[in-house]
file coords.cif (mmCIF, C-alpha atoms (C1' of nucleotides))
data_upload
#
loop_
_atom_site.group_PDB
_atom_site.id
_atom_site.type_symbol
_atom_site.label_atom_id
_atom_site.label_comp_id
_atom_site.auth_asym_id
_atom_site.auth_seq_id
_atom_site.Cartn_x
_atom_site.Cartn_y
_atom_site.Cartn_z
ATOM 1 C CA MET A 1 17.826 13.258 14.096
ATOM 2 C CA ALA A 2 17.049 13.729 10.455
ATOM 3 C CA ASP A 3 17.323 9.986 10.121
ATOM 4 C CA ARG A 4 15.026 9.250 12.988
ATOM 5 C CA SER A 5 12.434 11.700 11.822
ATOM 6 C CA ASN A 6 12.720 10.318 8.307
ATOM 7 C CA ARG A 7 11.726 6.905 9.525
ATOM 8 C CA ALA A 8 8.932 8.463 11.512
ATOM 9 C CA ILE A 9 7.629 10.220 8.421
ATOM 10 C CA GLU A 10 7.888 7.002 6.447
ATOM 11 C CA ARG A 11 5.763 5.202 8.995
ATOM 12 C CA ILE A 12 3.261 8.014 9.136
ATOM 13 C CA PHE A 13 2.634 8.190 5.413
ATOM 14 C CA ASP A 14 2.648 4.442 5.193
ATOM 15 C CA ALA A 15 -0.117 4.336 7.806
ATOM 16 C CA LEU A 16 -1.968 7.154 6.070
ATOM 17 C CA GLY A 17 -1.791 5.219 2.815
ATOM 18 C CA ASP A 18 -4.612 2.852 3.673
ATOM 19 C CA PRO A 19 -8.239 3.979 3.230
ATOM 20 C CA THR A 20 -9.484 2.030 6.241
ATOM 21 C CA ARG A 21 -6.908 3.619 8.491
ATOM 22 C CA ARG A 22 -7.911 7.055 7.230
ATOM 23 C CA ARG A 23 -11.498 6.250 8.105
ATOM 24 C CA ILE A 24 -10.403 5.224 11.561
ATOM 25 C CA LEU A 25 -8.666 8.575 11.989
ATOM 26 C CA GLU A 26 -11.824 10.214 10.722
ATOM 27 C CA HIS A 27 -13.809 8.534 13.485
ATOM 28 C CA LEU A 28 -11.213 9.313 16.106
ATOM 29 C CA SER A 29 -11.099 12.966 15.168
ATOM 30 C CA SER A 30 -14.477 13.401 16.792
ATOM 31 C CA GLY A 31 -13.317 11.776 20.009
ATOM 32 C CA PRO A 32 -11.717 8.723 21.622
ATOM 33 C CA ARG A 33 -13.134 5.339 20.784
ATOM 34 C CA ALA A 34 -12.858 1.750 21.894
ATOM 35 C CA VAL A 35 -11.555 -0.749 19.365
ATOM 36 C CA SER A 36 -14.829 -2.641 19.164
ATOM 37 C CA SER A 37 -16.838 0.534 18.590
ATOM 38 C CA LEU A 38 -15.014 0.997 15.285
ATOM 39 C CA SER A 39 -15.778 -2.500 14.129
ATOM 40 C CA GLY A 40 -19.447 -1.820 13.442
ATOM 41 C CA PRO A 41 -19.309 1.340 11.317
ATOM 42 C CA LEU A 42 -16.366 0.058 9.263
ATOM 43 C CA LYS A 43 -17.910 -3.379 8.773
ATOM 44 C CA LEU A 44 -14.759 -5.208 9.709
ATOM 45 C CA THR A 45 -13.777 -7.806 12.258
ATOM 46 C CA VAL A 46 -12.444 -6.597 15.570
ATOM 47 C CA ALA A 47 -9.223 -8.403 14.724
ATOM 48 C CA ALA A 48 -8.884 -6.420 11.511
ATOM 49 C CA ILE A 49 -9.521 -3.142 13.291
ATOM 50 C CA LEU A 50 -6.959 -4.032 15.904
ATOM 51 C CA GLN A 51 -4.315 -4.641 13.263
ATOM 52 C CA HIS A 52 -4.960 -1.218 11.786
ATOM 53 C CA VAL A 53 -4.919 0.404 15.194
ATOM 54 C CA GLN A 54 -1.578 -1.219 15.928
ATOM 55 C CA CYS A 55 -0.199 0.135 12.693
ATOM 56 C CA LEU A 56 -1.507 3.583 13.515
ATOM 57 C CA GLU A 57 0.009 3.350 16.956
ATOM 58 C CA ARG A 58 3.417 2.319 15.585
ATOM 59 C CA SER A 59 3.320 5.370 13.355
ATOM 60 C CA GLY A 60 2.491 7.622 16.264
ATOM 61 C CA LEU A 61 -0.753 8.823 14.716
ATOM 62 C CA VAL A 62 -2.764 7.193 17.454
ATOM 63 C CA ARG A 63 -2.218 6.579 21.115
ATOM 64 C CA THR A 64 -4.061 3.828 22.961
ATOM 65 C CA ALA A 65 -4.562 2.841 26.553
ATOM 66 C CA LYS A 66 -6.204 -0.155 28.045
ATOM 67 C CA VAL A 67 -8.352 0.216 31.106
ATOM 68 C CA GLY A 68 -10.047 -2.899 32.330
ATOM 69 C CA ARG A 69 -10.727 -4.975 29.253
ATOM 70 C CA VAL A 70 -11.362 -2.124 26.859
ATOM 71 C CA ARG A 71 -8.664 -0.404 24.829
ATOM 72 C CA THR A 72 -9.391 3.203 24.011
ATOM 73 C CA CYS A 73 -7.805 4.912 21.014
ATOM 74 C CA GLU A 74 -7.224 8.579 20.445
ATOM 75 C CA ILE A 75 -5.471 10.742 17.928
ATOM 76 C CA GLU A 76 -1.982 11.966 18.635
ATOM 77 C CA SER A 77 -2.026 15.292 16.862
ATOM 78 C CA LYS A 78 1.730 15.714 16.762
ATOM 79 C CA ALA A 79 2.144 13.032 14.090
ATOM 80 C CA LEU A 80 -0.606 14.658 12.077
ATOM 81 C CA ALA A 81 1.260 17.945 12.357
ATOM 82 C CA ASP A 82 4.500 16.245 11.301
ATOM 83 C CA ALA A 83 2.875 14.990 8.122
ATOM 84 C CA GLU A 84 1.471 18.431 7.427
ATOM 85 C CA ARG A 85 4.880 19.938 7.806
ATOM 86 C CA TRP A 86 6.494 17.428 5.469
ATOM 87 C CA LEU A 87 4.013 18.360 2.766
ATOM 88 C CA ALA A 88 4.296 22.066 3.457
ATOM 89 C CA ASP A 89 8.082 21.918 3.240
ATOM 90 C CA ARG A 90 8.053 20.239 -0.166
ATOM 91 C CA ARG A 91 5.429 22.605 -1.391
ATOM 92 C CA ALA A 92 7.386 25.617 -0.177
ATOM 93 C CA ARG A 93 10.544 24.409 -1.838
ATOM 94 C CA TRP A 94 8.689 23.841 -5.072
ATOM 95 C CA GLU A 95 6.864 27.157 -5.038
ATOM 96 C CA GLU A 96 10.067 29.001 -4.341
ATOM 97 C CA ASN A 97 11.643 27.434 -7.395
ATOM 98 C CA TYR A 98 8.536 27.994 -9.410
ATOM 99 C CA ASP A 99 8.464 31.694 -8.578
ATOM 100 C CA LYS A 100 12.111 32.107 -9.467
ATOM 101 C CA LEU A 101 11.531 30.439 -12.789
ATOM 102 C CA ALA A 102 8.469 32.530 -13.520
ATOM 103 C CA ALA A 103 10.353 35.695 -12.708
ATOM 104 C CA LEU A 104 13.186 34.581 -14.916
ATOM 105 C CA LEU A 105 10.879 34.034 -17.848
ATOM 106 C CA GLY A 106 9.368 37.458 -17.512
ATOM 107 C CA ASP A 107 6.283 36.014 -15.871
ATOM 108 C CA GLU A 108 3.473 34.618 -17.957
ATOM 109 C CA ASP A 109 0.517 32.572 -16.676
ATOM 110 C CA GLY A 110 0.195 32.210 -12.912
ATOM 111 C CA ALA A 111 -1.433 28.850 -12.124
ATOM 112 C CA MET B 112 -18.499 18.028 -4.635
ATOM 113 C CA ALA B 113 -17.652 16.468 -1.305
ATOM 114 C CA ASP B 114 -17.755 13.163 -3.111
ATOM 115 C CA ARG B 115 -15.444 14.257 -5.891
ATOM 116 C CA SER B 116 -12.965 15.769 -3.485
ATOM 117 C CA ASN B 117 -13.155 12.650 -1.351
ATOM 118 C CA ARG B 118 -12.013 10.542 -4.249
ATOM 119 C CA ALA B 119 -9.326 13.070 -4.969
ATOM 120 C CA ILE B 120 -8.060 12.847 -1.406
ATOM 121 C CA GLU B 121 -8.154 9.079 -1.562
ATOM 122 C CA ARG B 122 -5.970 9.089 -4.656
ATOM 123 C CA ILE B 123 -3.601 11.620 -3.167
ATOM 124 C CA PHE B 124 -2.939 9.711 0.031
ATOM 125 C CA ASP B 125 -2.797 6.482 -1.878
ATOM 126 C CA ALA B 126 -0.058 7.971 -4.057
ATOM 127 C CA LEU B 127 1.684 9.418 -1.021
ATOM 128 C CA GLY B 128 1.645 5.990 0.607
ATOM 129 C CA ASP B 129 4.556 4.638 -1.394
ATOM 130 C CA PRO B 130 8.146 5.485 -0.370
ATOM 131 C CA THR B 131 9.414 5.589 -3.946
ATOM 132 C CA ARG B 132 6.747 8.050 -4.952
ATOM 133 C CA ARG B 133 7.619 10.228 -1.979
ATOM 134 C CA ARG B 134 11.220 10.211 -3.126
ATOM 135 C CA ILE B 135 10.121 11.238 -6.586
ATOM 136 C CA LEU B 136 8.248 14.170 -5.085
ATOM 137 C CA GLU B 137 11.357 14.963 -3.089
ATOM 138 C CA HIS B 138 13.356 15.178 -6.310
ATOM 139 C CA LEU B 139 10.675 17.179 -8.075
ATOM 140 C CA SER B 140 10.441 19.681 -5.271
ATOM 141 C CA SER B 141 13.777 21.089 -6.345
ATOM 142 C CA GLY B 142 12.634 21.500 -9.930
ATOM 143 C CA PRO B 143 11.121 19.799 -12.993
ATOM 144 C CA ARG B 144 12.678 16.553 -14.149
ATOM 145 C CA ALA B 145 12.534 14.185 -17.081
ATOM 146 C CA VAL B 146 11.350 10.639 -16.375
ATOM 147 C CA SER B 147 14.694 9.077 -17.228
ATOM 148 C CA SER B 148 16.602 11.476 -14.996
ATOM 149 C CA LEU B 149 14.817 9.952 -11.996
ATOM 150 C CA SER B 150 15.724 6.448 -12.979
ATOM 151 C CA GLY B 151 19.387 6.763 -12.014
ATOM 152 C CA PRO B 152 19.146 8.213 -8.489
ATOM 153 C CA LEU B 153 16.296 5.894 -7.534
ATOM 154 C CA LYS B 154 17.974 2.830 -9.021
ATOM 155 C CA LEU B 155 14.874 1.714 -10.814
ATOM 156 C CA THR B 156 13.941 0.920 -14.381
ATOM 157 C CA VAL B 157 12.501 3.714 -16.475
ATOM 158 C CA ALA B 158 9.371 1.599 -16.792
ATOM 159 C CA ALA B 159 9.019 1.456 -13.022
ATOM 160 C CA ILE B 160 9.505 5.195 -12.687
ATOM 161 C CA LEU B 161 6.925 5.774 -15.358
ATOM 162 C CA GLN B 162 4.366 3.709 -13.505
ATOM 163 C CA HIS B 163 4.911 5.782 -10.393
ATOM 164 C CA VAL B 164 4.749 9.007 -12.351
ATOM 165 C CA GLN B 165 1.465 7.908 -13.887
ATOM 166 C CA CYS B 166 0.091 7.193 -10.432
ATOM 167 C CA LEU B 167 1.255 10.580 -9.209
ATOM 168 C CA GLU B 168 -0.323 12.226 -12.202
ATOM 169 C CA ARG B 169 -3.651 10.458 -11.679
ATOM 170 C CA SER B 170 -3.628 11.750 -8.122
ATOM 171 C CA GLY B 171 -2.945 15.284 -9.290
ATOM 172 C CA LEU B 172 0.276 15.573 -7.298
ATOM 173 C CA VAL B 173 2.302 15.819 -10.469
ATOM 174 C CA ARG B 174 1.724 17.330 -13.864
ATOM 175 C CA THR B 175 3.644 16.143 -16.896
ATOM 176 C CA ALA B 176 4.134 17.339 -20.428
ATOM 177 C CA LYS B 177 5.884 15.734 -23.311
ATOM 178 C CA VAL B 178 7.955 17.838 -25.638
ATOM 179 C CA GLY B 179 9.750 15.998 -28.355
ATOM 180 C CA ARG B 180 10.585 12.605 -26.958
ATOM 181 C CA VAL B 181 11.129 13.667 -23.369
ATOM 182 C CA ARG B 182 8.394 13.868 -20.753
ATOM 183 C CA THR B 183 8.985 16.426 -18.059
ATOM 184 C CA CYS B 184 7.381 16.116 -14.645
ATOM 185 C CA GLU B 185 6.673 18.814 -12.146
ATOM 186 C CA ILE B 186 4.869 19.130 -8.865
ATOM 187 C CA GLU B 187 1.321 20.402 -8.798
ATOM 188 C CA SER B 188 1.255 22.194 -5.483
ATOM 189 C CA LYS B 189 -2.513 22.311 -5.200
ATOM 190 C CA ALA B 190 -2.774 18.596 -4.481
ATOM 191 C CA LEU B 191 -0.069 18.929 -1.866
ATOM 192 C CA ALA B 192 -2.067 21.734 -0.292
ATOM 193 C CA ASP B 193 -5.219 19.598 -0.403
ATOM 194 C CA ALA B 194 -3.500 16.860 1.556
ATOM 195 C CA GLU B 195 -2.233 19.383 4.061
ATOM 196 C CA ARG B 196 -5.707 20.698 4.550
ATOM 197 C CA TRP B 197 -7.176 17.240 5.066
ATOM 198 C CA LEU B 198 -4.703 16.617 7.852
ATOM 199 C CA ALA B 199 -5.150 20.066 9.345
ATOM 200 C CA ASP B 200 -8.929 19.652 9.400
ATOM 201 C CA ARG B 201 -8.775 16.366 11.279
ATOM 202 C CA ARG B 202 -6.252 17.757 13.651
ATOM 203 C CA ALA B 203 -8.344 20.854 14.294
ATOM 204 C CA ARG B 204 -11.443 18.786 14.951
ATOM 205 C CA TRP B 205 -9.523 16.601 17.353
ATOM 206 C CA GLU B 206 -7.850 19.449 19.201
ATOM 207 C CA GLU B 207 -11.125 21.248 19.588
ATOM 208 C CA ASN B 208 -12.614 18.190 21.247
ATOM 209 C CA TYR B 209 -9.508 17.684 23.287
ATOM 210 C CA ASP B 210 -9.602 21.216 24.629
ATOM 211 C CA LYS B 211 -13.248 20.931 25.537
ATOM 212 C CA LEU B 212 -12.572 17.739 27.388
ATOM 213 C CA ALA B 213 -9.598 19.216 29.202
ATOM 214 C CA ALA B 214 -11.616 22.226 30.251
ATOM 215 C CA LEU B 215 -14.399 19.971 31.446
ATOM 216 C CA LEU B 216 -12.029 18.003 33.627
ATOM 217 C CA GLY B 217 -10.718 21.110 35.266
ATOM 218 C CA ASP B 218 -7.565 20.956 33.187
ATOM 219 C CA GLU B 219 -4.707 18.755 34.259
ATOM 220 C CA ASP B 220 -1.636 17.875 32.152
ATOM 221 C CA GLY B 221 -1.331 19.651 28.832
ATOM 222 C CA ALA B 222 0.405 17.260 26.407
ATOM 223 C "C1'" DT C 223 -18.755 -19.627 39.885
ATOM 224 C "C1'" DC C 224 -20.382 -19.425 35.159
ATOM 225 C "C1'" DT C 225 -21.013 -16.579 31.225
ATOM 226 C "C1'" DT C 226 -20.408 -12.855 28.444
ATOM 227 C "C1'" DT C 227 -17.725 -9.266 26.596
ATOM 228 C "C1'" DG C 228 -13.597 -7.129 24.637
ATOM 229 C "C1'" DC C 229 -9.368 -7.716 23.179
ATOM 230 C "C1'" DT C 230 -5.209 -10.416 21.477
ATOM 231 C "C1'" DT C 231 -2.550 -13.631 18.704
ATOM 232 C "C1'" DA C 232 -1.576 -16.983 15.119
ATOM 233 C "C1'" DA C 233 -2.238 -19.014 10.894
ATOM 234 C "C1'" DG C 234 -3.913 -19.079 6.418
ATOM 235 C "C1'" DT C 235 -5.883 -17.086 2.092
ATOM 236 C "C1'" DG C 236 -6.647 -14.098 -1.738
ATOM 237 C "C1'" DA C 237 -5.770 -9.869 -3.867
ATOM 238 C "C1'" DT C 238 -3.063 -5.965 -4.812
ATOM 239 C "C1'" DG C 239 0.890 -3.646 -6.126
ATOM 240 C "C1'" DG C 240 5.691 -2.837 -7.372
ATOM 241 C "C1'" DC C 241 9.123 -4.251 -10.309
ATOM 242 C "C1'" DT C 242 11.304 -6.536 -14.267
ATOM 243 C "C1'" DT C 243 11.788 -7.995 -18.962
ATOM 244 C "C1'" DG C 244 10.929 -7.560 -23.674
ATOM 245 C "C1'" DA C 245 8.842 -5.720 -27.641
ATOM 246 C "C1'" DC C 246 7.512 -1.414 -29.885
ATOM 247 C "C1'" DT C 247 7.062 3.724 -31.238
ATOM 248 C "C1'" DA C 248 8.681 8.158 -32.052
ATOM 249 C "C1'" DT C 249 12.050 11.716 -31.985
ATOM 250 C "C1'" DA C 250 16.793 13.275 -32.473
ATOM 251 C "C1'" DA C 251 21.470 12.894 -34.095
ATOM 252 C "C1'" DG C 252 25.354 11.273 -37.256
ATOM 253 C "C1'" DC D 253 19.228 6.206 -43.986
ATOM 254 C "C1'" DT D 254 20.963 4.322 -39.697
ATOM 255 C "C1'" DT D 255 21.537 4.430 -35.044
ATOM 256 C "C1'" DA D 256 20.843 5.950 -30.522
ATOM 257 C "C1'" DT D 257 17.754 7.848 -27.134
ATOM 258 C "C1'" DA D 258 13.439 8.510 -24.322
ATOM 259 C "C1'" DG D 259 9.450 6.872 -23.384
ATOM 260 C "C1'" DT D 260 5.360 3.485 -23.620
ATOM 261 C "C1'" DC D 261 2.728 -0.832 -23.235
ATOM 262 C "C1'" DA D 262 1.895 -5.626 -21.862
ATOM 263 C "C1'" DA D 263 2.937 -9.821 -19.387
ATOM 264 C "C1'" DG D 264 4.296 -12.029 -15.679
ATOM 265 C "C1'" DC D 265 6.572 -12.741 -11.085
ATOM 266 C "C1'" DC D 266 6.915 -12.231 -6.327
ATOM 267 C "C1'" DA D 267 6.286 -10.076 -1.958
ATOM 268 C "C1'" DT D 268 3.423 -7.631 0.889
ATOM 269 C "C1'" DC D 269 -0.832 -6.724 2.990
ATOM 270 C "C1'" DA D 270 -5.625 -6.712 4.428
ATOM 271 C "C1'" DC D 271 -8.801 -9.656 6.024
ATOM 272 C "C1'" DT D 272 -10.839 -13.839 7.982
ATOM 273 C "C1'" DT D 273 -11.334 -17.651 11.144
ATOM 274 C "C1'" DA D 274 -10.289 -19.889 15.303
ATOM 275 C "C1'" DA D 275 -8.495 -20.322 19.722
ATOM 276 C "C1'" DG D 276 -7.213 -18.127 24.020
ATOM 277 C "C1'" DC D 277 -7.270 -14.832 27.954
ATOM 278 C "C1'" DA D 278 -8.612 -11.442 31.250
ATOM 279 C "C1'" DA D 279 -12.123 -8.401 33.148
ATOM 280 C "C1'" DA D 280 -17.224 -7.688 34.164
ATOM 281 C "C1'" DG D 281 -21.507 -9.043 35.203
ATOM 282 C "C1'" DA D 282 -25.327 -12.420 36.632
#
call {"tool": "encode", "arguments": {"input": "coords.cif", "output": "structure tokens"}}
result
Amino acid sequence: MADRSNRAIERIFDALGDPTRRRILEHLSSGPRAVSSLSGPLKLTVAAILQHVQCLERSGLVRTAKVGRVRTCEIESKALADAERWLADRRARWEENYDKLAALLGDEDGA
Amino acid sequence: MADRSNRAIERIFDALGDPTRRRILEHLSSGPRAVSSLSGPLKLTVAAILQHVQCLERSGLVRTAKVGRVRTCEIESKALADAERWLADRRARWEENYDKLAALLGDEDGA
DNA sequence: TCTTTGCTTAAGTGATGGCTTGACTATAAG
DNA sequence: CTTATAGTCAAGCCATCACTTAAGCAAAGA
């Protein structure tokens, strides 16, 4: 399971690594959107948007469904939460070590 | 300020987007490390590691200091926290909308 | 039925980014 | 002083990736 979730995390941060995809998430955070409705604001071809959406979907950050001829995209908050947790875990581990070290040194400066 | 922090976030997620850099953070989360000490475990040239470290430093995720001839790297937890908050904000905005919508529809399925 | 709209796929292009090698600097050790 | 170590900088190579164009397809609308 650690392996599976590792790959999931890899895909999530990989998806999050592109500025355009982050802007898509930004748009989606205020509500579901059709693929073509993202094309305008982001000044990109529908084909380009679609490629990003597919990447986001593979990562689990976005879920899509097609009704009629329009595909609607929405955020899947679990993946967002997974990324948060990954960061929080590393931070916790680091801060724990940092505190120990500070205590050991008799505690100077607390950045 | 929103502009400055936007750029900061961009750099952070950009840095986080590379698997090798995530592995470096992984190593650093258990304590400070010299550049060359990362080279072995990651099976990369020191030069390659350095490039990643420089990217991480530009993003604020890592702070480094050189004493003598060895440069030591450590995590800067603030940037990690900033990334967490970015994700949490988007998620909150989405969930708020989602809940409203669910309530409006008389509430069926609660995924 | 004919046309428009919205998406989908494939192919191609240009740029970016990660990595290596090789040369160089500065500190530490013998 | 000589040698080894740790990092730094600059080119250059290659793969990946984002984006475009073009062609195709299915659903809606006139």
call {"tool": "closest_atom_pairs", "arguments": {"input": "coords.cif", "of": "chain A", "to": "chain B", "cutoff": "8 Å", "atoms": "all atoms listed in the file", "output": "JSON lines"}}
result
{"residue": "A:Glu10", "atom": "CA", "partner": "B:Pro130", "partner_atom": "CA", "distance": 7.0}
{"residue": "A:Phe13", "atom": "CA", "partner": "B:Gly128", "partner_atom": "CA", "distance": 5.4}
{"residue": "A:Asp14", "atom": "CA", "partner": "B:Gly128", "partner_atom": "CA", "distance": 4.9}
{"residue": "A:Ala15", "atom": "CA", "partner": "B:Gly128", "partner_atom": "CA", "distance": 7.6}
{"residue": "A:Leu16", "atom": "CA", "partner": "B:Phe124", "partner_atom": "CA", "distance": 6.6}
{"residue": "A:Gly17", "atom": "CA", "partner": "B:Gly128", "partner_atom": "CA", "distance": 4.2}
{"residue": "A:Asp18", "atom": "CA", "partner": "B:Asp125", "partner_atom": "CA", "distance": 6.9}
{"residue": "A:Pro19", "atom": "CA", "partner": "B:Glu121", "partner_atom": "CA", "distance": 7.0}
{"residue": "A:Leu25", "atom": "CA", "partner": "B:Arg201", "partner_atom": "CA", "distance": 7.8}
{"residue": "A:Glu26", "atom": "CA", "partner": "B:Arg201", "partner_atom": "CA", "distance": 6.9}
{"residue": "A:Leu28", "atom": "CA", "partner": "B:Trp205", "partner_atom": "CA", "distance": 7.6}
{"residue": "A:Ser29", "atom": "CA", "partner": "B:Trp205", "partner_atom": "CA", "distance": 4.5}
{"residue": "A:Ser30", "atom": "CA", "partner": "B:Trp205", "partner_atom": "CA", "distance": 5.9}
{"residue": "A:Gly31", "atom": "CA", "partner": "B:Asn208", "partner_atom": "CA", "distance": 6.6}
{"residue": "A:Ile75", "atom": "CA", "partner": "B:Trp205", "partner_atom": "CA", "distance": 7.1}
{"residue": "A:Ser77", "atom": "CA", "partner": "B:Arg202", "partner_atom": "CA", "distance": 5.9}
{"residue": "A:Leu80", "atom": "CA", "partner": "B:Leu198", "partner_atom": "CA", "distance": 6.2}
{"residue": "A:Ala81", "atom": "CA", "partner": "B:Ala199", "partner_atom": "CA", "distance": 7.4}
{"residue": "A:Ala83", "atom": "CA", "partner": "B:Leu198", "partner_atom": "CA", "distance": 7.8}
{"residue": "A:Glu84", "atom": "CA", "partner": "B:Glu195", "partner_atom": "CA", "distance": 5.1}
{"residue": "A:Leu87", "atom": "CA", "partner": "B:Leu191", "partner_atom": "CA", "distance": 6.2}
{"residue": "A:Ala88", "atom": "CA", "partner": "B:Glu195", "partner_atom": "CA", "distance": 7.1}
{"residue": "A:Arg90", "atom": "CA", "partner": "B:Ser140", "partner_atom": "CA", "distance": 5.7}
{"residue": "A:Arg91", "atom": "CA", "partner": "B:Ser188", "partner_atom": "CA", "distance": 5.9}
{"residue": "A:Arg93", "atom": "CA", "partner": "B:Ser140", "partner_atom": "CA", "distance": 5.8}
{"residue": "A:Trp94", "atom": "CA", "partner": "B:Ser140", "partner_atom": "CA", "distance": 4.5}
{"residue": "A:Glu95", "atom": "CA", "partner": "B:Ser188", "partner_atom": "CA", "distance": 7.5}
{"residue": "A:Asn97", "atom": "CA", "partner": "B:Gly142", "partner_atom": "CA", "distance": 6.5}
{"residue": "A:Tyr98", "atom": "CA", "partner": "B:Gly142", "partner_atom": "CA", "distance": 7.7}
call {"tool": "interface_residues", "arguments": {"input": "coords.cif", "of": "chain B", "to": "chain C", "cutoff": "10 Å", "atoms": "only C-alpha atoms (C1' of nucleotides)", "output": "PyMOL selection string"}}
result
chain B and resi 129+131+155-156+158-160+162-163+178-181
call {"tool": "write_last_selection", "arguments": {"input": "coords.cif", "atoms": "C-alpha atoms", "output": "short mmCIF file (atom, residue, chain, number, x, y, z; two decimals), in the frame of the given file"}}
result
data_model
loop_
_atom_site.label_atom_id
_atom_site.label_comp_id
_atom_site.auth_asym_id
_atom_site.auth_seq_id
_atom_site.Cartn_x
_atom_site.Cartn_y
_atom_site.Cartn_z
CA ASP B 129 4.56 4.64 -1.39
CA THR B 131 9.41 5.59 -3.95
CA LEU B 155 14.87 1.71 -10.81
CA THR B 156 13.94 0.92 -14.38
CA ALA B 158 9.37 1.60 -16.79
CA ALA B 159 9.02 1.46 -13.02
CA ILE B 160 9.51 5.20 -12.69
CA GLN B 162 4.37 3.71 -13.50
CA HIS B 163 4.91 5.78 -10.39
CA VAL B 178 7.96 17.84 -25.64
CA GLY B 179 9.75 16.00 -28.36
CA ARG B 180 10.58 12.60 -26.96
CA VAL B 181 11.13 13.67 -23.37
#
call {"tool": "closest_atom_pairs", "arguments": {"input": "coords.cif", "of": "chain D", "to": "chain B", "cutoff": "10 Å", "atoms": "all atoms listed in the file", "output": "Markdown table"}}
result
| residue | atom | partner | partner_atom | distance |
| --- | --- | --- | --- | --- |
| D:DT257 | C1' | B:Arg180 | CA | 8.6 |
| D:DA258 | C1' | B:Arg180 | CA | 5.6 |
| D:DG259 | C1' | B:Arg180 | CA | 6.9 |
| D:DT260 | C1' | B:Ala158 | CA | 8.1 |
| D:DC261 | C1' | B:Ala158 | CA | 9.6 |
call {"tool": "atom_distance", "arguments": {"input": "coords.cif", "atom1": "C1' of DA256 in chain D", "atom2": "CA of Ile135 in chain B"}}
result
26.8 Å
call {"tool": "axis_aligned_box", "arguments": {"input": "coords.cif", "around": "range 56-68 of chain A", "padding_each_side": "3 Å", "output": "AutoDock Vina command-line options"}}
result
--center_x -3.3 --center_y 3.0 --center_z 22.8 --size_x 19.5 --size_y 17.7 --size_z 25.0
call {"tool": "atom_distance", "arguments": {"input": "coords.cif", "atom1": "CA of Arg132 in chain B", "atom2": "CA of Cys166 in chain B"}}
result
8.7 Å
call {"tool": "atom_distance", "arguments": {"input": "coords.cif", "atom1": "CA of Met112 in chain B", "atom2": "CA of Arg169 in chain B"}}
result
18.1 Å
